[in-house]
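Data block below; observations after.
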Amino acid sequence: MTEGTTTAAAESGDTLTRLEQEGEIAADYLEGLLDIADLDGDIDMDVEADRASVSIVSDSARDLQKLVGRDGEVLEALQELTRLAVHRETGDRSRLMLDIGGFRAKKREELTTLGVKAAEDVKTSGEPLKLDPMTPFERKVVHDAVAAAGLRSESEGEEPQRFVVVLPA
C-alpha cells in the first residue's frame, strides 16, 4: 500500500468508528426516552451513506406512532434532539438519521417514486416542475431520485415552504 492509500484507509476506519460512536450515544439517549415514555421498542443501529442510522422498531406499531406524529413532525423533533445529545457528548455536529417504526423507509420509497415520476413528466413536457414544500430529508430523497433518472433539480423557497424544482435536461 502507498502512504496515501494507508491514510485514506485509516480515515475511513476513523469515520466508521466515529459514526458507530454516534449510533451508540443516540441509542442510549433513545432508550432513556423510551423508558421515560414507558414505550416498548428495540434500537437498531447501522452506518449508511456516511451517516449513523438509528431505528426504533417494535411489535406494537401503535405505540411508536406517538413518536412519529402527524406527517413525521414528532420524528423530526426527536431526530434533532438526538443529534443534540450526540453533539453534547462528542462536540461534533451529527448528521444522524432516525427512523421510527419504518416511517422514513416507507416515506423514502414514496418520495423516490415521486421523484422518478416528476423526472418523467419533465422529460415529456420539457418544462420545469415545482413540487410541494418538503422537509430537508424529503427534498434530499427527491433530488437523489431525479439525479438517478438523469435530470437536475434544485431547492427553492424559504423553510418551511422550501420545495424542489425539477429541471429539464
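In the C-alpha cells, the first chain shown is A, the next is B, and so on; residue numbers restart at 1 for each chain, and ligands run from 1 in the order shown.
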
Report the closest atom pair, with its distance in Å rounded to one decimal, for each residue of stretch 93-167 of chain A that has an atom no farther than 9 Å from stretch 68-88 of chain A; count only C-alpha atoms, sort by chain and then rising residue number, and write it as a Markdown table.
| residue | atom | partner | partner_atom | distance |
| --- | --- | --- | --- | --- |
| A:Arg93 | CA | A:His87 | CA | 5.5 |
| A:Ser94 | CA | A:Arg83 | CA | 5.6 |
| A:Arg95 | CA | A:Arg83 | CA | 7.2 |
| A:Leu96 | CA | A:Arg83 | CA | 6.4 |
| A:Met97 | CA | A:Gln79 | CA | 6.9 |
| A:Leu98 | CA | A:Gln79 | CA | 5.6 |
| A:Asp99 | CA | A:Leu75 | CA | 7.5 |
| A:Ile100 | CA | A:Val68 | CA | 6.5 |
| A:Gly101 | CA | A:Val68 | CA | 8.1 |
| A:Phe103 | CA | A:Val68 | CA | 7.4 |
| A:Arg104 | CA | A:Gly72 | CA | 8.3 |

Q: For A:Ser60, list every protein, DNA or RNA residue within 10 Å, evaluated using only C-alpha atoms, and leave out those in the same chain fewer than 2 positions away; present the list as a list in words.
A: Leu39, Asp40, Gly41, Val57, Ser58, Arg62, Asp63, Leu64, Gln65 and Gly101 of chain A

Would you save the residues from that selection as a short mmCIF file (atom, residue, chain, number, x, y, z; two decimals), in the first residue's frame, using all heavy atoms?
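What landed in selection_34.cif:
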data_model
loop_
_atom_site.label_atom_id
_atom_site.label_comp_id
_atom_site.auth_asym_id
_atom_site.auth_seq_id
_atom_site.Cartn_x
_atom_site.Cartn_y
_atom_site.Cartn_z
N LEU A 39 -42.61 3.23 26.74
CA LEU A 39 -42.92 2.61 25.45
C LEU A 39 -41.94 1.48 25.19
O LEU A 39 -40.77 1.56 25.57
CB LEU A 39 -42.82 3.64 24.32
CG LEU A 39 -43.81 4.79 24.35
CD1 LEU A 39 -43.47 5.80 23.27
CD2 LEU A 39 -45.23 4.28 24.17
N ASP A 40 -42.43 0.42 24.56
CA ASP A 40 -41.57 -0.69 24.19
C ASP A 40 -40.99 -0.44 22.81
O ASP A 40 -41.67 0.05 21.91
CB ASP A 40 -42.36 -2.01 24.15
CG ASP A 40 -42.76 -2.48 25.54
OD1 ASP A 40 -41.97 -2.22 26.48
OD2 ASP A 40 -43.83 -3.08 25.67
N GLY A 41 -39.73 -0.78 22.65
CA GLY A 41 -39.09 -0.64 21.35
C GLY A 41 -37.66 -1.12 21.41
O GLY A 41 -37.01 -1.04 22.46
N VAL A 57 -37.74 0.07 16.53
CA VAL A 57 -38.71 -0.88 15.99
C VAL A 57 -39.45 -1.54 17.15
O VAL A 57 -38.93 -1.64 18.26
CB VAL A 57 -38.03 -1.95 15.12
CG1 VAL A 57 -37.45 -1.32 13.85
CG2 VAL A 57 -36.95 -2.68 15.87
N SER A 58 -40.68 -1.94 16.88
CA SER A 58 -41.50 -2.57 17.92
C SER A 58 -42.58 -3.41 17.27
O SER A 58 -42.99 -3.14 16.13
CB SER A 58 -42.13 -1.49 18.80
OG SER A 58 -43.03 -2.06 19.72
N ARG A 62 -48.60 0.84 17.07
CA ARG A 62 -49.45 1.93 17.58
C ARG A 62 -48.71 2.79 18.58
O ARG A 62 -48.81 4.01 18.56
CB ARG A 62 -50.72 1.36 18.22
CG ARG A 62 -51.95 1.63 17.39
CD ARG A 62 -53.22 1.26 18.08
NE ARG A 62 -53.44 2.08 19.26
CZ ARG A 62 -54.12 1.69 20.31
NH1 ARG A 62 -54.66 0.49 20.35
NH2 ARG A 62 -54.29 2.48 21.34
N ASP A 63 -47.94 2.14 19.47
CA ASP A 63 -47.16 2.90 20.45
C ASP A 63 -46.15 3.81 19.75
O ASP A 63 -45.99 4.97 20.13
CB ASP A 63 -46.41 1.95 21.40
CG ASP A 63 -47.29 1.44 22.53
OD1 ASP A 63 -48.43 1.94 22.67
OD2 ASP A 63 -46.83 0.56 23.27
N LEU A 64 -45.49 3.28 18.76
CA LEU A 64 -44.46 4.05 18.07
C LEU A 64 -45.05 5.19 17.26
O LEU A 64 -44.37 6.19 17.01
CB LEU A 64 -43.61 3.15 17.18
CG LEU A 64 -42.72 2.14 17.90
CD1 LEU A 64 -41.86 1.39 16.91
CD2 LEU A 64 -41.87 2.80 18.97
N GLN A 65 -46.29 5.06 16.85
CA GLN A 65 -46.94 6.13 16.08
C GLN A 65 -46.91 7.45 16.86
O GLN A 65 -46.78 8.52 16.29
CB GLN A 65 -48.37 5.74 15.69
CG GLN A 65 -49.07 6.77 14.82
CD GLN A 65 -48.33 7.08 13.54
OE1 GLN A 65 -47.76 6.21 12.91
NE2 GLN A 65 -48.33 8.35 13.16
N GLY A 101 -40.39 2.95 13.57
CA GLY A 101 -41.44 2.09 13.05
C GLY A 101 -41.47 2.00 11.53
O GLY A 101 -42.52 1.75 10.94
#

Q) Excluding same-chain residues fewer than 2 positions from A:Val165, what lies within 9 Å of it counting only C-alpha atoms, as number ranges by chain? A) A: 128-131, 152-156, 163, 167

Go ahead and dump the residues you just picked, all heavy atoms, as a PDB file, in the first residue's frame.
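Once everything was written out, this is again_15.pdb:
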ATOM      1  N   PRO A 128     -39.925  22.990 -16.553  1.00  0.00           N
ATOM      2  CA  PRO A 128     -39.601  22.745 -15.134  1.00  0.00           C
ATOM      3  C   PRO A 128     -40.876  22.404 -14.354  1.00  0.00           C
ATOM      4  O   PRO A 128     -41.973  22.838 -14.714  1.00  0.00           O
ATOM      5  CB  PRO A 128     -39.028  24.080 -14.654  1.00  0.00           C
ATOM      6  CG  PRO A 128     -38.710  24.851 -15.883  1.00  0.00           C
ATOM      7  CD  PRO A 128     -39.600  24.335 -16.974  1.00  0.00           C
ATOM      8  N   LEU A 129     -40.721  21.622 -13.301  1.00  0.00           N
ATOM      9  CA  LEU A 129     -41.854  21.212 -12.476  1.00  0.00           C
ATOM     10  C   LEU A 129     -41.556  21.530 -11.017  1.00  0.00           C
ATOM     11  O   LEU A 129     -40.546  21.074 -10.477  1.00  0.00           O
ATOM     12  CB  LEU A 129     -42.121  19.715 -12.649  1.00  0.00           C
ATOM     13  CG  LEU A 129     -43.232  19.099 -11.803  1.00  0.00           C
ATOM     14  CD1 LEU A 129     -44.587  19.712 -12.140  1.00  0.00           C
ATOM     15  CD2 LEU A 129     -43.271  17.588 -11.986  1.00  0.00           C
ATOM     16  N   LYS A 130     -42.444  22.327 -10.402  1.00  0.00           N
ATOM     17  CA  LYS A 130     -42.298  22.663  -8.981  1.00  0.00           C
ATOM     18  C   LYS A 130     -43.127  21.677  -8.171  1.00  0.00           C
ATOM     19  O   LYS A 130     -44.305  21.456  -8.460  1.00  0.00           O
ATOM     20  CB  LYS A 130     -42.800  24.080  -8.694  1.00  0.00           C
ATOM     21  CG  LYS A 130     -41.959  25.158  -9.319  1.00  0.00           C
ATOM     22  CD  LYS A 130     -42.501  26.539  -8.996  1.00  0.00           C
ATOM     23  CE  LYS A 130     -41.639  27.598  -9.652  1.00  0.00           C
ATOM     24  NZ  LYS A 130     -42.161  28.946  -9.389  1.00  0.00           N
ATOM     25  N   LEU A 131     -42.512  21.099  -7.153  1.00  0.00           N
ATOM     26  CA  LEU A 131     -43.204  20.168  -6.266  1.00  0.00           C
ATOM     27  C   LEU A 131     -43.648  20.897  -5.002  1.00  0.00           C
ATOM     28  O   LEU A 131     -43.231  22.031  -4.747  1.00  0.00           O
ATOM     29  CB  LEU A 131     -42.291  18.990  -5.927  1.00  0.00           C
ATOM     30  CG  LEU A 131     -41.777  18.196  -7.136  1.00  0.00           C
ATOM     31  CD1 LEU A 131     -40.828  17.089  -6.683  1.00  0.00           C
ATOM     32  CD2 LEU A 131     -42.934  17.605  -7.923  1.00  0.00           C
ATOM     33  N   ARG A 152     -31.707  17.171 -13.505  1.00  0.00           N
ATOM     34  CA  ARG A 152     -31.185  18.021 -12.439  1.00  0.00           C
ATOM     35  C   ARG A 152     -32.362  18.629 -11.688  1.00  0.00           C
ATOM     36  O   ARG A 152     -33.425  18.870 -12.268  1.00  0.00           O
ATOM     37  CB  ARG A 152     -30.338  19.123 -13.093  1.00  0.00           C
ATOM     38  CG  ARG A 152     -29.371  19.819 -12.217  1.00  0.00           C
ATOM     39  CD  ARG A 152     -28.427  20.703 -13.022  1.00  0.00           C
ATOM     40  NE  ARG A 152     -29.084  21.728 -13.806  1.00  0.00           N
ATOM     41  CZ  ARG A 152     -29.496  22.898 -13.317  1.00  0.00           C
ATOM     42  NH1 ARG A 152     -29.326  23.197 -12.056  1.00  0.00           N
ATOM     43  NH2 ARG A 152     -30.077  23.779 -14.104  1.00  0.00           N
ATOM     44  N   SER A 153     -32.156  18.895 -10.401  1.00  0.00           N
ATOM     45  CA  SER A 153     -33.184  19.552  -9.600  1.00  0.00           C
ATOM     46  C   SER A 153     -32.502  20.504  -8.633  1.00  0.00           C
ATOM     47  O   SER A 153     -31.307  20.397  -8.380  1.00  0.00           O
ATOM     48  CB  SER A 153     -34.031  18.523  -8.840  1.00  0.00           C
ATOM     49  OG  SER A 153     -33.213  17.745  -7.990  1.00  0.00           O
ATOM     50  N   GLU A 154     -33.276  21.431  -8.110  1.00  0.00           N
ATOM     51  CA  GLU A 154     -32.756  22.350  -7.105  1.00  0.00           C
ATOM     52  C   GLU A 154     -33.870  22.701  -6.132  1.00  0.00           C
ATOM     53  O   GLU A 154     -35.058  22.537  -6.441  1.00  0.00           O
ATOM     54  CB  GLU A 154     -32.172  23.607  -7.756  1.00  0.00           C
ATOM     55  CG  GLU A 154     -33.115  24.345  -8.663  1.00  0.00           C
ATOM     56  CD  GLU A 154     -32.440  25.463  -9.457  1.00  0.00           C
ATOM     57  OE1 GLU A 154     -31.298  25.273  -9.918  1.00  0.00           O
ATOM     58  OE2 GLU A 154     -33.090  26.518  -9.616  1.00  0.00           O
ATOM     59  N   SER A 155     -33.464  23.163  -4.964  1.00  0.00           N
ATOM     60  CA  SER A 155     -34.430  23.588  -3.955  1.00  0.00           C
ATOM     61  C   SER A 155     -34.586  25.096  -4.025  1.00  0.00           C
ATOM     62  O   SER A 155     -33.615  25.824  -4.236  1.00  0.00           O
ATOM     63  CB  SER A 155     -33.966  23.187  -2.549  1.00  0.00           C
ATOM     64  OG  SER A 155     -33.951  21.790  -2.409  1.00  0.00           O
ATOM     65  N   GLU A 156     -35.821  25.543  -3.843  1.00  0.00           N
ATOM     66  CA  GLU A 156     -36.120  26.976  -3.834  1.00  0.00           C
ATOM     67  C   GLU A 156     -37.037  27.279  -2.662  1.00  0.00           C
ATOM     68  O   GLU A 156     -37.688  26.394  -2.126  1.00  0.00           O
ATOM     69  CB  GLU A 156     -36.797  27.402  -5.139  1.00  0.00           C
ATOM     70  CG  GLU A 156     -35.899  27.308  -6.353  1.00  0.00           C
ATOM     71  CD  GLU A 156     -36.577  27.807  -7.622  1.00  0.00           C
ATOM     72  OE1 GLU A 156     -37.707  28.337  -7.559  1.00  0.00           O
ATOM     73  OE2 GLU A 156     -35.963  27.659  -8.699  1.00  0.00           O
ATOM     74  N   PHE A 163     -39.112  23.997  -1.493  1.00  0.00           N
ATOM     75  CA  PHE A 163     -39.615  22.954  -2.387  1.00  0.00           C
ATOM     76  C   PHE A 163     -38.578  22.617  -3.445  1.00  0.00           C
ATOM     77  O   PHE A 163     -37.605  23.333  -3.648  1.00  0.00           O
ATOM     78  CB  PHE A 163     -40.925  23.393  -3.036  1.00  0.00           C
ATOM     79  CG  PHE A 163     -40.818  24.687  -3.800  1.00  0.00           C
ATOM     80  CD1 PHE A 163     -40.526  24.677  -5.167  1.00  0.00           C
ATOM     81  CD2 PHE A 163     -40.994  25.910  -3.166  1.00  0.00           C
ATOM     82  CE1 PHE A 163     -40.406  25.865  -5.862  1.00  0.00           C
ATOM     83  CE2 PHE A 163     -40.878  27.098  -3.868  1.00  0.00           C
ATOM     84  CZ  PHE A 163     -40.591  27.091  -5.215  1.00  0.00           C
ATOM     85  N   LEU A 167     -35.743  20.223 -13.210  1.00  0.00           N
ATOM     86  CA  LEU A 167     -35.391  20.996 -14.401  1.00  0.00           C
ATOM     87  C   LEU A 167     -35.187  20.080 -15.608  1.00  0.00           C
ATOM     88  O   LEU A 167     -34.666  18.979 -15.466  1.00  0.00           O
ATOM     89  CB  LEU A 167     -34.110  21.790 -14.143  1.00  0.00           C
ATOM     90  CG  LEU A 167     -34.192  22.729 -12.946  1.00  0.00           C
ATOM     91  CD1 LEU A 167     -32.810  23.220 -12.550  1.00  0.00           C
ATOM     92  CD2 LEU A 167     -35.117  23.891 -13.234  1.00  0.00           C
TER      93      LEU A 167
END

Q | Near-stretch 107-114 of chain A list (10 Å; only C-alpha atoms; drop same-chain fewer than 2 positions) as an MDAnalysis selection string | A | chainID A and resid 71:72 102:105 116:120 131 137:146 148

Next, the residues of the selection above should be written as a PDB file, in the first residue's frame with C-alpha atoms.
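The resulting file, out.pdb, is reproduced below:
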ATOM      1  CA  ASP A  71     -46.546  13.573   8.904  1.00  0.00           C
ATOM      2  CA  GLY A  72     -43.406  12.727  10.904  1.00  0.00           C
ATOM      3  CA  GLY A 102     -40.251   2.138   9.426  1.00  0.00           C
ATOM      4  CA  PHE A 103     -41.847   5.550   8.790  1.00  0.00           C
ATOM      5  CA  ARG A 104     -38.825   7.018   6.988  1.00  0.00           C
ATOM      6  CA  ALA A 105     -38.166   3.844   4.998  1.00  0.00           C
ATOM      7  CA  VAL A 116     -38.955   9.387 -10.792  1.00  0.00           C
ATOM      8  CA  LYS A 117     -42.454  10.378 -11.924  1.00  0.00           C
ATOM      9  CA  ALA A 118     -41.591  14.090 -11.776  1.00  0.00           C
ATOM     10  CA  ALA A 119     -38.469  13.446 -13.866  1.00  0.00           C
ATOM     11  CA  GLU A 120     -40.525  11.524 -16.444  1.00  0.00           C
ATOM     12  CA  LEU A 131     -43.204  20.168  -6.266  1.00  0.00           C
ATOM     13  CA  PHE A 137     -34.988  14.754   4.296  1.00  0.00           C
ATOM     14  CA  GLU A 138     -37.798  14.600   1.741  1.00  0.00           C
ATOM     15  CA  ARG A 139     -36.060  17.004  -0.635  1.00  0.00           C
ATOM     16  CA  LYS A 140     -32.811  15.003  -0.458  1.00  0.00           C
ATOM     17  CA  VAL A 141     -34.615  11.784  -1.431  1.00  0.00           C
ATOM     18  CA  VAL A 142     -36.356  13.508  -4.356  1.00  0.00           C
ATOM     19  CA  HIS A 143     -33.093  15.150  -5.539  1.00  0.00           C
ATOM     20  CA  ASP A 144     -31.402  11.720  -5.491  1.00  0.00           C
ATOM     21  CA  ALA A 145     -34.256  10.103  -7.463  1.00  0.00           C
ATOM     22  CA  VAL A 146     -34.266  12.903 -10.058  1.00  0.00           C
ATOM     23  CA  ALA A 148     -30.735   8.858 -10.884  1.00  0.00           C
TER      24      ALA A 148
END

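Minimum atom-to-atom distance to A:Ile56, evaluated using only C-alpha atoms, belongs to A:Glu31 out of A:Leu16, A:Glu31, A:Gly126, A:Ala37.
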
Q.
One number please: atom CA of A:Ser125 to atom CA of A:Gln161, in Å, one decimal.
A. 25.0 Å

Q: If you run DSSP over the backbone, which residues in chain A end up alpha helix (DSSP H)? Put them as a PyMOL selection string.
A: chain A and resi 3-37+61-68+73-90+103-125+136-148

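Restricting the calculation to only C-alpha atoms, the smallest distance between A:Gly115 and any of A:Asp132, A:Glu158, A:Asp38, A:Glu22 is found for A:Asp132.
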